[in-house]
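Participant: Before I ask anything, here is the structure I am working with.
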Amino acid sequence: MTKHTVDQAEAFQEIFDFFNDNLFAGELPLVILNFSRSSAKTLAFHKSNTWTPESGNNQDKLSEISLTPRFLNRPKIEIFSSLVHEQCHLWQHNFGKKKSRAGYHNQEWADKMLEVGLKPVSSNGTMTGQSVSHEIVSGGKFEQSFKVIEKDLKLPFLVLNEDKKVISKATRSKYLCDICSAIVYGKREMKIICGECNVQYKVQT
């Protein structure tokens with residue numbers, strides 16, 4: 001009998017291993033790969049030192065990389081880029097010299113992202129900060145690697161019947177003008193200028 005949980009887990013591991021070999025020279029350590037229904041905005045996350053073997057000790061800690069199920073219906077290239085984004089956090093946790101605090105994206109992490117072919121995008125106009133997404137660099141290492149496995153690797157199971165309103169909210173942000181207090185909503189990471197006050201709106205959510 002086919003074991004769907006095993007199929008899903010093995011596919012996730014194959015994808016992780018492929019990008020580990022092709023973008024990180026195979027140096028990333030073993031992690032626990034997971035699917036987590038976290039906040040509405042979270043596409044994926046890395047959390048360090050959260051697991052340990054039952055027979056192990058405090059020195060046998062493993063990190064976790066989780067993908068959010070509701071966002072697995074995106075194009076494969078976007079799903080895989082979210083995984084690589086988190087693999088860059090894993091790389092920094094294990095090999096970085098200027099490690100970030102939890103949830104923060106510093107310049108060392110941003111440099112690694114650029115190296116593997118993903119450009120960090122922050123609402124503050126830089127590539128660093130607490131909330132940072134990314135763009136796929138055309139012709140970069142990630143895109144080239146993805147084209148090699150596009151037809152061969154995939155997650156066999158995706159989530160159905162997710163609330164489309166929840167997904168929509170996760171891809172939108174609230175913007176506020178500090179002067180006139182006008183509020184607008186738009187796509188994440190936009191730069192919007194208030195026509196009345198001639199200042200840039202600030203991201204609120």
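Residue numbering restarts at 1 for every chain of the structure tokens, chains are lettered A, B, ... in their displayed order, and ligands are numbered from 1 as they appear.
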Residues near A:Asn34, anyone? I mean within 10 Å using only C-alpha atoms, not counting same-chain ones fewer than 3 positions away, as a list of chain:residue names.

Facilitator: A:Ala9, A:Phe12, A:Gln13, A:Val31, A:Ala44, A:Phe45, A:Glu64, A:Ile65, A:Ser66, A:Leu67, A:Thr68, A:Pro69

Participant: May I have the residues within 12 Å of A:Asn20 as a list in words, using only C-alpha atoms and disregarding those fewer than 2 positions away in the same chain?

Facilitator: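 Surrounding residues, per the criterion: Gln13, Glu14, Ile15, Phe16, Asp17, Phe18, Asn22, Leu23, Phe24, Ala25, Gly26, Glu27, Leu28, Pro29, Leu30, Val31, Phe80, Leu83, Val84, His85, Glu86, Gln87, Cys88, Leu90, Trp91, Val116, Phe142 and Ser145 of chain A.
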
Participant: Within 9 Å of stretch 152-162 of chain A, counting only C-alpha atoms, which residues qualify if same-chain residues fewer than 3 places away don't, as a compact mmCIF listing (two decimals) with all heavy atoms, in the first residue's frame?

Facilitator:
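Printed below is part.txt as written:
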```txt
# COMPACT_ATOMS: atom_id res chain seq x y z
N HIS A 4 1.31 7.76 1.73
CA HIS A 4 1.35 9.13 1.23
C HIS A 4 2.28 10.02 2.04
O HIS A 4 2.96 10.89 1.49
CB HIS A 4 -0.06 9.71 1.21
CG HIS A 4 -0.99 9.00 0.30
ND1 HIS A 4 -0.58 8.49 -0.92
CD2 HIS A 4 -2.32 8.71 0.41
CE1 HIS A 4 -1.63 7.92 -1.53
NE2 HIS A 4 -2.67 8.04 -0.74
N ASP A 7 5.77 9.38 0.87
CA ASP A 7 5.98 9.95 -0.46
C ASP A 7 6.21 11.45 -0.39
O ASP A 7 7.10 12.00 -1.05
CB ASP A 7 4.76 9.68 -1.36
CG ASP A 7 4.62 8.21 -1.71
OD1 ASP A 7 5.62 7.47 -1.57
OD2 ASP A 7 3.52 7.81 -2.13
N GLN A 8 5.40 12.14 0.41
CA GLN A 8 5.53 13.59 0.53
C GLN A 8 6.86 13.96 1.18
O GLN A 8 7.55 14.88 0.74
CB GLN A 8 4.36 14.15 1.36
CG GLN A 8 4.29 15.66 1.45
CD GLN A 8 3.68 16.32 0.23
OE1 GLN A 8 3.62 15.74 -0.85
NE2 GLN A 8 3.21 17.55 0.39
N ALA A 9 7.21 13.25 2.24
CA ALA A 9 8.45 13.54 2.96
C ALA A 9 9.68 13.25 2.09
O ALA A 9 10.64 14.03 2.08
CB ALA A 9 8.52 12.72 4.24
N GLU A 10 9.65 12.16 1.36
CA GLU A 10 10.80 11.81 0.50
C GLU A 10 10.96 12.82 -0.63
O GLU A 10 12.09 13.19 -0.98
CB GLU A 10 10.62 10.41 -0.06
CG GLU A 10 10.82 9.30 0.96
CD GLU A 10 10.69 7.91 0.37
OE1 GLU A 10 10.14 7.80 -0.77
OE2 GLU A 10 11.12 6.94 1.02
N ALA A 11 9.85 13.30 -1.18
CA ALA A 11 9.93 14.31 -2.25
C ALA A 11 10.52 15.60 -1.71
O ALA A 11 11.37 16.23 -2.36
CB ALA A 11 8.54 14.56 -2.83
N PHE A 12 10.10 16.02 -0.54
CA PHE A 12 10.62 17.23 0.11
C PHE A 12 12.13 17.08 0.33
O PHE A 12 12.91 17.99 0.06
CB PHE A 12 9.89 17.45 1.43
CG PHE A 12 10.06 18.82 2.04
CD1 PHE A 12 9.35 19.15 3.20
CD2 PHE A 12 10.90 19.78 1.50
CE1 PHE A 12 9.49 20.40 3.79
CE2 PHE A 12 11.04 21.04 2.07
CZ PHE A 12 10.33 21.34 3.23
N GLU A 14 14.24 15.14 -1.29
CA GLU A 14 14.94 15.15 -2.58
C GLU A 14 15.15 16.58 -3.08
O GLU A 14 16.21 16.91 -3.62
CB GLU A 14 14.15 14.35 -3.62
CG GLU A 14 14.23 12.85 -3.43
CD GLU A 14 13.49 12.11 -4.53
OE1 GLU A 14 13.33 12.68 -5.63
OE2 GLU A 14 13.06 10.97 -4.28
N ILE A 15 14.14 17.42 -2.93
CA ILE A 15 14.26 18.81 -3.36
C ILE A 15 15.31 19.53 -2.52
O ILE A 15 16.17 20.25 -3.05
CB ILE A 15 12.89 19.52 -3.25
CG1 ILE A 15 11.89 18.88 -4.20
CG2 ILE A 15 13.03 21.01 -3.56
CD1 ILE A 15 10.44 19.27 -3.93
N PRO A 69 1.54 24.93 4.03
CA PRO A 69 0.76 24.20 3.03
C PRO A 69 -0.06 25.06 2.09
O PRO A 69 -0.16 24.77 0.90
CB PRO A 69 -0.13 23.29 3.89
CG PRO A 69 0.67 23.05 5.13
CD PRO A 69 1.37 24.36 5.38
N ARG A 70 -0.68 26.14 2.61
CA ARG A 70 -1.59 26.92 1.76
C ARG A 70 -0.87 27.58 0.59
O ARG A 70 -1.50 27.97 -0.39
CB ARG A 70 -2.32 27.98 2.59
CG ARG A 70 -1.48 29.12 3.09
CD ARG A 70 -2.37 30.28 3.58
NE ARG A 70 -3.24 29.86 4.65
CZ ARG A 70 -2.96 29.97 5.93
NH1 ARG A 70 -1.79 30.47 6.31
NH2 ARG A 70 -3.80 29.58 6.84
N PHE A 71 0.47 27.70 0.69
CA PHE A 71 1.22 28.34 -0.39
C PHE A 71 1.90 27.34 -1.31
O PHE A 71 2.72 27.71 -2.15
CB PHE A 71 2.26 29.30 0.19
CG PHE A 71 1.64 30.46 0.92
CD1 PHE A 71 1.80 30.61 2.29
CD2 PHE A 71 0.89 31.40 0.23
CE1 PHE A 71 1.22 31.67 2.96
CE2 PHE A 71 0.30 32.46 0.90
CZ PHE A 71 0.47 32.60 2.27
N LEU A 72 1.55 26.06 -1.19
CA LEU A 72 2.14 25.05 -2.07
C LEU A 72 1.45 25.00 -3.43
O LEU A 72 1.87 24.24 -4.31
CB LEU A 72 2.07 23.67 -1.41
CG LEU A 72 2.87 23.51 -0.11
CD1 LEU A 72 2.75 22.09 0.42
CD2 LEU A 72 4.34 23.88 -0.33
N ASN A 73 0.39 25.78 -3.60
CA ASN A 73 -0.28 25.83 -4.90
C ASN A 73 0.32 26.89 -5.82
O ASN A 73 -0.17 27.12 -6.92
CB ASN A 73 -1.78 26.10 -4.71
CG ASN A 73 -2.50 24.89 -4.16
OD1 ASN A 73 -2.53 23.85 -4.79
ND2 ASN A 73 -3.05 25.01 -2.96
N LYS A 76 5.95 25.94 -9.08
CA LYS A 76 7.04 25.22 -8.43
C LYS A 76 8.27 26.09 -8.20
O LYS A 76 8.94 25.99 -7.18
CB LYS A 76 7.43 23.99 -9.25
CG LYS A 76 6.54 22.79 -9.05
CD LYS A 76 7.22 21.50 -9.49
CE LYS A 76 7.56 21.48 -10.95
NZ LYS A 76 8.12 20.16 -11.36
N VAL A 148 16.93 22.55 -14.42
CA VAL A 148 17.45 21.18 -14.53
C VAL A 148 16.46 20.17 -13.97
O VAL A 148 16.30 19.06 -14.48
CB VAL A 148 18.80 21.05 -13.79
CG1 VAL A 148 19.26 19.60 -13.74
CG2 VAL A 148 19.86 21.92 -14.48
N ILE A 149 15.74 20.54 -12.90
CA ILE A 149 14.87 19.58 -12.21
C ILE A 149 13.39 19.88 -12.35
O ILE A 149 12.56 19.21 -11.76
CB ILE A 149 15.21 19.54 -10.70
CG1 ILE A 149 15.04 20.95 -10.09
CG2 ILE A 149 16.57 19.00 -10.45
CD1 ILE A 149 14.58 20.93 -8.68
N LYS A 165 -9.64 34.13 0.55
CA LYS A 165 -9.51 35.44 1.19
C LYS A 165 -8.28 35.48 2.09
O LYS A 165 -7.59 36.49 2.16
CB LYS A 165 -10.77 35.74 2.00
CG LYS A 165 -12.01 35.98 1.14
CD LYS A 165 -13.20 36.33 2.01
CE LYS A 165 -14.44 36.59 1.15
NZ LYS A 165 -15.62 36.93 1.98
N VAL A 166 -8.00 34.37 2.77
CA VAL A 166 -6.82 34.31 3.63
C VAL A 166 -5.57 34.43 2.80
O VAL A 166 -4.64 35.14 3.12
CB VAL A 166 -6.81 32.99 4.44
CG1 VAL A 166 -5.47 32.85 5.18
CG2 VAL A 166 -7.96 32.96 5.42
N ILE A 167 -5.53 33.71 1.67
CA ILE A 167 -4.36 33.76 0.79
C ILE A 167 -4.17 35.17 0.24
O ILE A 167 -3.08 35.70 0.17
CB ILE A 167 -4.51 32.75 -0.36
CG1 ILE A 167 -4.53 31.33 0.21
CG2 ILE A 167 -3.39 32.91 -1.37
CD1 ILE A 167 -4.80 30.27 -0.82
```

Participant: Which is closest to A:Gly117 among A:Lys98, A:His105, A:His93, A:Lys141, if we use only C-alpha atoms?

Facilitator: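 Closest candidate: A:Lys141.
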
Participant: For A:Leu118, find every residue with an atom within 8 Å (counting only C-alpha atoms), except residues of its own chain fewer than 6 positions away, and show them as a ChimeraX atom specification.

Facilitator: /A:81,85,134-137,140,142

Participant: Keeping only N, CA, C and O atoms, write those residues as a PDB file, in the first residue's frame.

Facilitator:
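Done, and the output landed in out.pdb:
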```pdb
ATOM      1  N   SER A  81      11.980  28.381  -4.485  1.00  0.00           N
ATOM      2  CA  SER A  81      12.765  29.564  -4.098  1.00  0.00           C
ATOM      3  C   SER A  81      12.562  29.890  -2.629  1.00  0.00           C
ATOM      4  O   SER A  81      13.478  30.356  -1.948  1.00  0.00           O
ATOM      5  N   HIS A  85      15.506  30.178   0.116  1.00  0.00           N
ATOM      6  CA  HIS A  85      15.550  31.328   1.024  1.00  0.00           C
ATOM      7  C   HIS A  85      15.847  30.844   2.449  1.00  0.00           C
ATOM      8  O   HIS A  85      16.720  31.389   3.139  1.00  0.00           O
ATOM      9  N   HIS A 134      11.866  38.023  -1.571  1.00  0.00           N
ATOM     10  CA  HIS A 134      12.944  37.944  -2.554  1.00  0.00           C
ATOM     11  C   HIS A 134      12.372  37.881  -3.965  1.00  0.00           C
ATOM     12  O   HIS A 134      11.190  37.592  -4.162  1.00  0.00           O
ATOM     13  N   GLU A 135      13.243  38.157  -4.910  1.00  0.00           N
ATOM     14  CA  GLU A 135      12.948  37.987  -6.329  1.00  0.00           C
ATOM     15  C   GLU A 135      13.949  36.989  -6.911  1.00  0.00           C
ATOM     16  O   GLU A 135      15.089  36.897  -6.437  1.00  0.00           O
ATOM     17  N   ILE A 136      13.527  36.256  -7.914  1.00  0.00           N
ATOM     18  CA  ILE A 136      14.422  35.304  -8.575  1.00  0.00           C
ATOM     19  C   ILE A 136      15.248  36.048  -9.613  1.00  0.00           C
ATOM     20  O   ILE A 136      14.705  36.735 -10.488  1.00  0.00           O
ATOM     21  N   VAL A 137      16.561  35.944  -9.508  1.00  0.00           N
ATOM     22  CA  VAL A 137      17.463  36.630 -10.436  1.00  0.00           C
ATOM     23  C   VAL A 137      17.437  35.907 -11.777  1.00  0.00           C
ATOM     24  O   VAL A 137      17.719  34.698 -11.856  1.00  0.00           O
ATOM     25  N   GLY A 140      20.266  33.562 -12.941  1.00  0.00           N
ATOM     26  CA  GLY A 140      21.094  33.274 -11.769  1.00  0.00           C
ATOM     27  C   GLY A 140      21.184  31.785 -11.477  1.00  0.00           C
ATOM     28  O   GLY A 140      20.539  30.953 -12.119  1.00  0.00           O
ATOM     29  N   PHE A 142      20.060  29.920  -9.024  1.00  0.00           N
ATOM     30  CA  PHE A 142      18.827  29.234  -8.655  1.00  0.00           C
ATOM     31  C   PHE A 142      17.986  28.921  -9.877  1.00  0.00           C
ATOM     32  O   PHE A 142      17.518  27.787 -10.055  1.00  0.00           O
TER      33      PHE A 142
END
```

Participant: Which of stretch 32-187 of chain A end up as strand (DSSP E or B) when DSSP is run on this backbone - answer as a PyMOL selection string?

Facilitator: chain A and resi 32-35+44-51+62-67+105+118-122+129+132-136+172-176+183-187

Participant: Atoms to include: N, CA and C atoms. Write the selected residues as a compact mmCIF listing (two decimals), in the first residue's frame.

Facilitator:
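The result, stored in part13.txt:
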```
# COMPACT_ATOMS: atom_id res chain seq x y z
N ILE A 32 15.26 18.82 10.09
CA ILE A 32 13.91 18.28 10.06
C ILE A 32 13.11 19.11 9.07
N LEU A 33 12.57 18.47 8.04
CA LEU A 33 11.74 19.14 7.05
C LEU A 33 10.28 18.94 7.42
N ASN A 34 9.53 20.02 7.37
CA ASN A 34 8.20 20.00 7.95
C ASN A 34 7.24 20.84 7.13
N PHE A 35 5.94 20.63 7.33
CA PHE A 35 4.89 21.48 6.78
C PHE A 35 4.14 22.05 7.97
N ALA A 44 7.32 30.28 4.42
CA ALA A 44 8.20 29.24 4.92
C ALA A 44 9.01 29.84 6.07
N PHE A 45 9.66 28.98 6.87
CA PHE A 45 10.52 29.51 7.91
C PHE A 45 11.60 28.51 8.29
N HIS A 46 12.71 29.05 8.81
CA HIS A 46 13.79 28.25 9.38
C HIS A 46 13.85 28.55 10.87
N LYS A 47 13.99 27.51 11.66
CA LYS A 47 14.13 27.69 13.11
C LYS A 47 15.29 26.80 13.56
N SER A 48 16.25 27.41 14.21
CA SER A 48 17.46 26.69 14.57
C SER A 48 17.31 25.93 15.88
N ASN A 49 18.01 24.80 15.95
CA ASN A 49 18.15 24.03 17.20
C ASN A 49 16.82 23.72 17.88
N THR A 50 15.89 23.15 17.13
CA THR A 50 14.56 22.88 17.68
C THR A 50 14.29 21.39 17.88
N TRP A 51 15.14 20.51 17.34
CA TRP A 51 14.92 19.07 17.44
C TRP A 51 16.21 18.40 17.94
N LEU A 62 19.04 19.74 15.98
CA LEU A 62 18.77 19.89 14.56
C LEU A 62 17.88 21.11 14.34
N SER A 63 18.10 21.78 13.22
CA SER A 63 17.23 22.89 12.84
C SER A 63 16.03 22.36 12.07
N GLU A 64 15.05 23.22 11.86
CA GLU A 64 13.83 22.87 11.13
C GLU A 64 13.61 23.86 10.00
N ILE A 65 13.20 23.34 8.86
CA ILE A 65 12.71 24.18 7.77
C ILE A 65 11.30 23.73 7.45
N SER A 66 10.36 24.67 7.49
CA SER A 66 8.95 24.35 7.25
C SER A 66 8.41 25.16 6.08
N LEU A 67 7.55 24.53 5.32
CA LEU A 67 6.79 25.20 4.27
C LEU A 67 5.34 25.27 4.72
N HIS A 105 17.07 39.60 8.90
CA HIS A 105 17.83 39.30 7.69
C HIS A 105 18.94 40.34 7.57
N LEU A 118 19.08 34.63 -5.70
CA LEU A 118 17.84 35.24 -5.21
C LEU A 118 18.17 36.63 -4.69
N LYS A 119 17.38 37.63 -5.10
CA LYS A 119 17.62 39.01 -4.67
C LYS A 119 16.65 39.36 -3.53
N PRO A 120 17.17 39.65 -2.33
CA PRO A 120 16.29 40.04 -1.23
C PRO A 120 15.56 41.34 -1.53
N VAL A 121 14.31 41.43 -1.08
CA VAL A 121 13.49 42.62 -1.28
C VAL A 121 12.84 42.98 0.04
N SER A 122 13.15 44.18 0.55
CA SER A 122 12.59 44.63 1.83
C SER A 122 11.72 45.86 1.60
N GLY A 129 16.48 43.49 6.91
CA GLY A 129 15.40 43.92 7.79
C GLY A 129 14.68 42.74 8.40
N VAL A 132 11.60 40.37 4.99
CA VAL A 132 12.28 40.43 3.69
C VAL A 132 11.82 39.27 2.82
N SER A 133 11.35 39.58 1.64
CA SER A 133 11.01 38.55 0.66
C SER A 133 12.15 38.48 -0.36
N HIS A 134 11.87 38.02 -1.57
CA HIS A 134 12.94 37.94 -2.55
C HIS A 134 12.37 37.88 -3.96
N GLU A 135 13.24 38.16 -4.91
CA GLU A 135 12.95 37.99 -6.33
C GLU A 135 13.95 36.99 -6.91
N ILE A 136 13.53 36.26 -7.91
CA ILE A 136 14.42 35.30 -8.57
C ILE A 136 15.25 36.05 -9.61
N ARG A 172 -0.98 40.84 0.55
CA ARG A 172 -1.23 42.27 0.53
C ARG A 172 -0.71 42.92 1.79
N SER A 173 -0.42 44.21 1.71
CA SER A 173 0.06 44.97 2.85
C SER A 173 -0.80 46.22 3.04
N LYS A 174 -0.78 46.73 4.26
CA LYS A 174 -1.48 47.97 4.61
C LYS A 174 -0.44 49.08 4.66
N TYR A 175 -0.73 50.21 4.01
CA TYR A 175 0.21 51.33 3.94
C TYR A 175 -0.43 52.58 4.55
N LEU A 176 0.37 53.33 5.32
CA LEU A 176 -0.13 54.52 6.02
C LEU A 176 0.73 55.73 5.69
N ILE A 183 -4.86 55.70 4.47
CA ILE A 183 -4.51 54.28 4.43
C ILE A 183 -4.88 53.70 3.08
N VAL A 184 -3.97 52.92 2.50
CA VAL A 184 -4.25 52.20 1.28
C VAL A 184 -3.75 50.77 1.44
N TYR A 185 -4.26 49.89 0.60
CA TYR A 185 -3.83 48.50 0.60
C TYR A 185 -3.28 48.15 -0.78
N GLY A 186 -2.26 47.34 -0.83
CA GLY A 186 -1.69 46.96 -2.12
C GLY A 186 -0.79 45.75 -1.97
N LYS A 187 -0.18 45.36 -3.08
CA LYS A 187 0.71 44.21 -3.07
C LYS A 187 1.87 44.45 -2.11
```

Participant: Could you pull the residues within 12 Å of A:Ala182, counting only C-alpha atoms, minus those fewer than 5 positions along the same chain, as a compact mmCIF listing (two decimals) with N, CA, C and O atoms, in the first residue's frame?

Facilitator:
```
# COMPACT_ATOMS: atom_id res chain seq x y z
N LYS A 174 -0.78 46.73 4.26
CA LYS A 174 -1.48 47.97 4.61
C LYS A 174 -0.44 49.08 4.66
O LYS A 174 0.61 48.93 5.27
N TYR A 175 -0.73 50.21 4.01
CA TYR A 175 0.21 51.33 3.94
C TYR A 175 -0.43 52.58 4.55
O TYR A 175 -1.61 52.84 4.34
N LEU A 176 0.37 53.33 5.32
CA LEU A 176 -0.13 54.52 6.02
C LEU A 176 0.73 55.73 5.69
O LEU A 176 1.96 55.66 5.70
N CYS A 177 0.08 56.87 5.41
CA CYS A 177 0.78 58.15 5.27
C CYS A 177 0.90 58.77 6.65
O CYS A 177 -0.12 59.01 7.32
N ILE A 192 4.69 53.37 -2.43
CA ILE A 192 3.54 54.20 -2.80
C ILE A 192 3.75 55.61 -2.25
O ILE A 192 4.11 55.79 -1.09
N ILE A 193 3.52 56.62 -3.10
CA ILE A 193 3.66 58.02 -2.71
C ILE A 193 2.28 58.64 -2.49
O ILE A 193 1.38 58.48 -3.33
N CYS A 194 2.10 59.33 -1.37
CA CYS A 194 0.84 60.02 -1.11
C CYS A 194 0.75 61.25 -2.01
O CYS A 194 1.63 62.13 -1.98
N GLY A 195 -0.31 61.33 -2.81
CA GLY A 195 -0.46 62.44 -3.74
C GLY A 195 -0.70 63.77 -3.06
O GLY A 195 -0.39 64.83 -3.61
N GLU A 196 -1.25 63.76 -1.86
CA GLU A 196 -1.53 64.99 -1.12
C GLU A 196 -0.29 65.52 -0.40
O GLU A 196 -0.03 66.73 -0.38
N CYS A 197 0.49 64.63 0.19
CA CYS A 197 1.61 65.05 1.06
C CYS A 197 2.97 64.84 0.41
O CYS A 197 3.99 65.31 0.95
N VAL A 199 4.85 62.23 0.22
CA VAL A 199 5.76 61.39 1.03
C VAL A 199 5.40 59.92 0.78
O VAL A 199 4.30 59.61 0.33
N GLN A 200 6.34 59.06 1.08
CA GLN A 200 6.11 57.65 0.84
C GLN A 200 5.31 57.03 1.98
O GLN A 200 5.56 57.28 3.15
N TYR A 201 4.30 56.24 1.61
CA TYR A 201 3.52 55.51 2.60
C TYR A 201 4.44 54.51 3.32
O TYR A 201 5.36 53.97 2.73
N LYS A 202 4.14 54.25 4.59
CA LYS A 202 4.89 53.26 5.35
C LYS A 202 4.08 52.00 5.54
O LYS A 202 2.86 52.05 5.75
N GLN A 204 2.37 48.97 7.22
CA GLN A 204 1.82 48.72 8.56
C GLN A 204 1.67 47.24 8.84
O GLN A 204 1.82 46.80 9.97
```

Participant: When you draw a straight line from atom CA of A:Gly125 to atom CA of A:Asp178, how long is it in Å?

Facilitator: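 Atom CA of A:Asp178 lies 17.5 Å from atom CA of A:Gly125.
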
Participant: DSSP on the backbone, alpha helix (DSSP H) only: what residues of stretch 63-185 of chain A does that give? Format it as an MDAnalysis selection string.

Facilitator: chainID A and resid 76:95 107:116 141:149 164:170

Participant: What would the file look like if the residues just selected were written as a compact mmCIF listing (two decimals), in the first residue's frame with N, CA and C atoms?

Facilitator:
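Below you can see selection13.txt, which holds the result:
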```txt
# COMPACT_ATOMS: atom_id res chain seq x y z
N LYS A 76 5.95 25.94 -9.08
CA LYS A 76 7.04 25.22 -8.43
C LYS A 76 8.27 26.09 -8.20
N ILE A 77 8.59 26.93 -9.15
CA ILE A 77 9.79 27.76 -9.02
C ILE A 77 9.68 28.68 -7.80
N GLU A 78 8.48 29.15 -7.50
CA GLU A 78 8.29 30.01 -6.33
C GLU A 78 8.37 29.21 -5.03
N ILE A 79 7.78 28.01 -5.03
CA ILE A 79 7.86 27.15 -3.84
C ILE A 79 9.32 26.82 -3.54
N PHE A 80 10.05 26.40 -4.57
CA PHE A 80 11.44 26.01 -4.37
C PHE A 80 12.31 27.20 -3.97
N SER A 81 11.98 28.38 -4.49
CA SER A 81 12.76 29.56 -4.10
C SER A 81 12.56 29.89 -2.63
N SER A 82 11.35 29.64 -2.10
CA SER A 82 11.11 29.84 -0.67
C SER A 82 11.94 28.88 0.16
N LEU A 83 12.07 27.65 -0.32
CA LEU A 83 12.93 26.67 0.37
C LEU A 83 14.37 27.14 0.39
N VAL A 84 14.88 27.62 -0.75
CA VAL A 84 16.27 28.06 -0.83
C VAL A 84 16.49 29.29 0.05
N HIS A 85 15.51 30.18 0.12
CA HIS A 85 15.55 31.33 1.02
C HIS A 85 15.85 30.84 2.45
N GLU A 86 15.13 29.80 2.87
CA GLU A 86 15.33 29.27 4.23
C GLU A 86 16.65 28.51 4.34
N GLN A 87 17.08 27.88 3.24
CA GLN A 87 18.38 27.21 3.27
C GLN A 87 19.51 28.22 3.47
N CYS A 88 19.31 29.44 2.99
CA CYS A 88 20.32 30.49 3.23
C CYS A 88 20.38 30.84 4.72
N HIS A 89 19.23 30.82 5.40
CA HIS A 89 19.23 31.02 6.85
C HIS A 89 19.96 29.87 7.54
N LEU A 90 19.71 28.65 7.07
CA LEU A 90 20.39 27.48 7.64
C LEU A 90 21.89 27.58 7.43
N TRP A 91 22.30 28.00 6.23
CA TRP A 91 23.73 28.18 5.95
C TRP A 91 24.34 29.19 6.91
N GLN A 92 23.66 30.32 7.09
CA GLN A 92 24.21 31.35 7.97
C GLN A 92 24.29 30.88 9.42
N HIS A 93 23.27 30.13 9.86
CA HIS A 93 23.27 29.64 11.24
C HIS A 93 24.48 28.74 11.50
N ASN A 94 24.86 27.96 10.49
CA ASN A 94 25.95 27.01 10.68
C ASN A 94 27.32 27.53 10.28
N PHE A 95 27.39 28.43 9.31
CA PHE A 95 28.68 28.84 8.78
C PHE A 95 28.91 30.35 8.79
N GLN A 107 23.11 41.63 6.32
CA GLN A 107 23.81 41.74 5.04
C GLN A 107 24.51 40.44 4.66
N GLU A 108 25.02 39.72 5.64
CA GLU A 108 25.69 38.46 5.32
C GLU A 108 24.71 37.48 4.69
N TRP A 109 23.50 37.40 5.27
CA TRP A 109 22.46 36.56 4.68
C TRP A 109 22.09 37.04 3.28
N ALA A 110 21.94 38.36 3.11
CA ALA A 110 21.58 38.92 1.81
C ALA A 110 22.64 38.60 0.77
N ASP A 111 23.91 38.66 1.16
CA ASP A 111 25.00 38.34 0.22
C ASP A 111 24.92 36.88 -0.22
N LYS A 112 24.58 35.99 0.70
CA LYS A 112 24.44 34.58 0.35
C LYS A 112 23.27 34.37 -0.59
N MET A 113 22.19 35.07 -0.35
CA MET A 113 21.03 35.00 -1.25
C MET A 113 21.42 35.40 -2.66
N LEU A 114 22.13 36.51 -2.79
CA LEU A 114 22.56 36.96 -4.12
C LEU A 114 23.47 35.94 -4.77
N GLU A 115 24.32 35.32 -3.98
CA GLU A 115 25.26 34.33 -4.51
C GLU A 115 24.52 33.14 -5.13
N VAL A 116 23.40 32.72 -4.51
CA VAL A 116 22.68 31.56 -5.03
C VAL A 116 21.60 31.95 -6.04
N LYS A 141 21.97 31.44 -10.47
CA LYS A 141 22.22 30.03 -10.14
C LYS A 141 20.94 29.29 -9.79
N PHE A 142 20.06 29.92 -9.02
CA PHE A 142 18.83 29.23 -8.65
C PHE A 142 17.99 28.92 -9.88
N GLU A 143 17.77 29.91 -10.72
CA GLU A 143 16.94 29.70 -11.91
C GLU A 143 17.54 28.63 -12.81
N GLN A 144 18.85 28.65 -12.98
CA GLN A 144 19.50 27.64 -13.80
C GLN A 144 19.34 26.24 -13.20
N SER A 145 19.49 26.15 -11.88
CA SER A 145 19.33 24.85 -11.21
C SER A 145 17.89 24.37 -11.31
N PHE A 146 16.95 25.27 -11.14
CA PHE A 146 15.54 24.89 -11.21
C PHE A 146 15.20 24.29 -12.57
N LYS A 147 15.73 24.86 -13.63
CA LYS A 147 15.43 24.37 -14.97
C LYS A 147 15.90 22.93 -15.17
N VAL A 148 16.93 22.55 -14.42
CA VAL A 148 17.45 21.18 -14.53
C VAL A 148 16.46 20.17 -13.97
N ILE A 149 15.74 20.54 -12.90
CA ILE A 149 14.87 19.58 -12.21
C ILE A 149 13.39 19.88 -12.35
N LYS A 164 -9.53 31.42 -0.03
CA LYS A 164 -8.87 32.34 -0.95
C LYS A 164 -8.70 33.73 -0.34
N LYS A 165 -9.64 34.13 0.55
CA LYS A 165 -9.51 35.44 1.19
C LYS A 165 -8.28 35.48 2.09
N VAL A 166 -8.00 34.37 2.77
CA VAL A 166 -6.82 34.31 3.63
C VAL A 166 -5.57 34.43 2.80
N ILE A 167 -5.53 33.71 1.67
CA ILE A 167 -4.36 33.76 0.79
C ILE A 167 -4.17 35.17 0.24
N SER A 168 -5.29 35.82 -0.14
CA SER A 168 -5.19 37.17 -0.68
C SER A 168 -4.61 38.13 0.33
N LYS A 169 -5.07 38.04 1.59
CA LYS A 169 -4.56 38.92 2.62
C LYS A 169 -3.08 38.71 2.86
N ALA A 170 -2.63 37.46 2.68
CA ALA A 170 -1.23 37.15 2.94
C ALA A 170 -0.31 37.78 1.92
```

Participant: By how many Å are atom CA of A:Ser55 and atom CA of A:Arg37 apart?

Facilitator: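 Distance reported for this atom pair: 28.3 Å.
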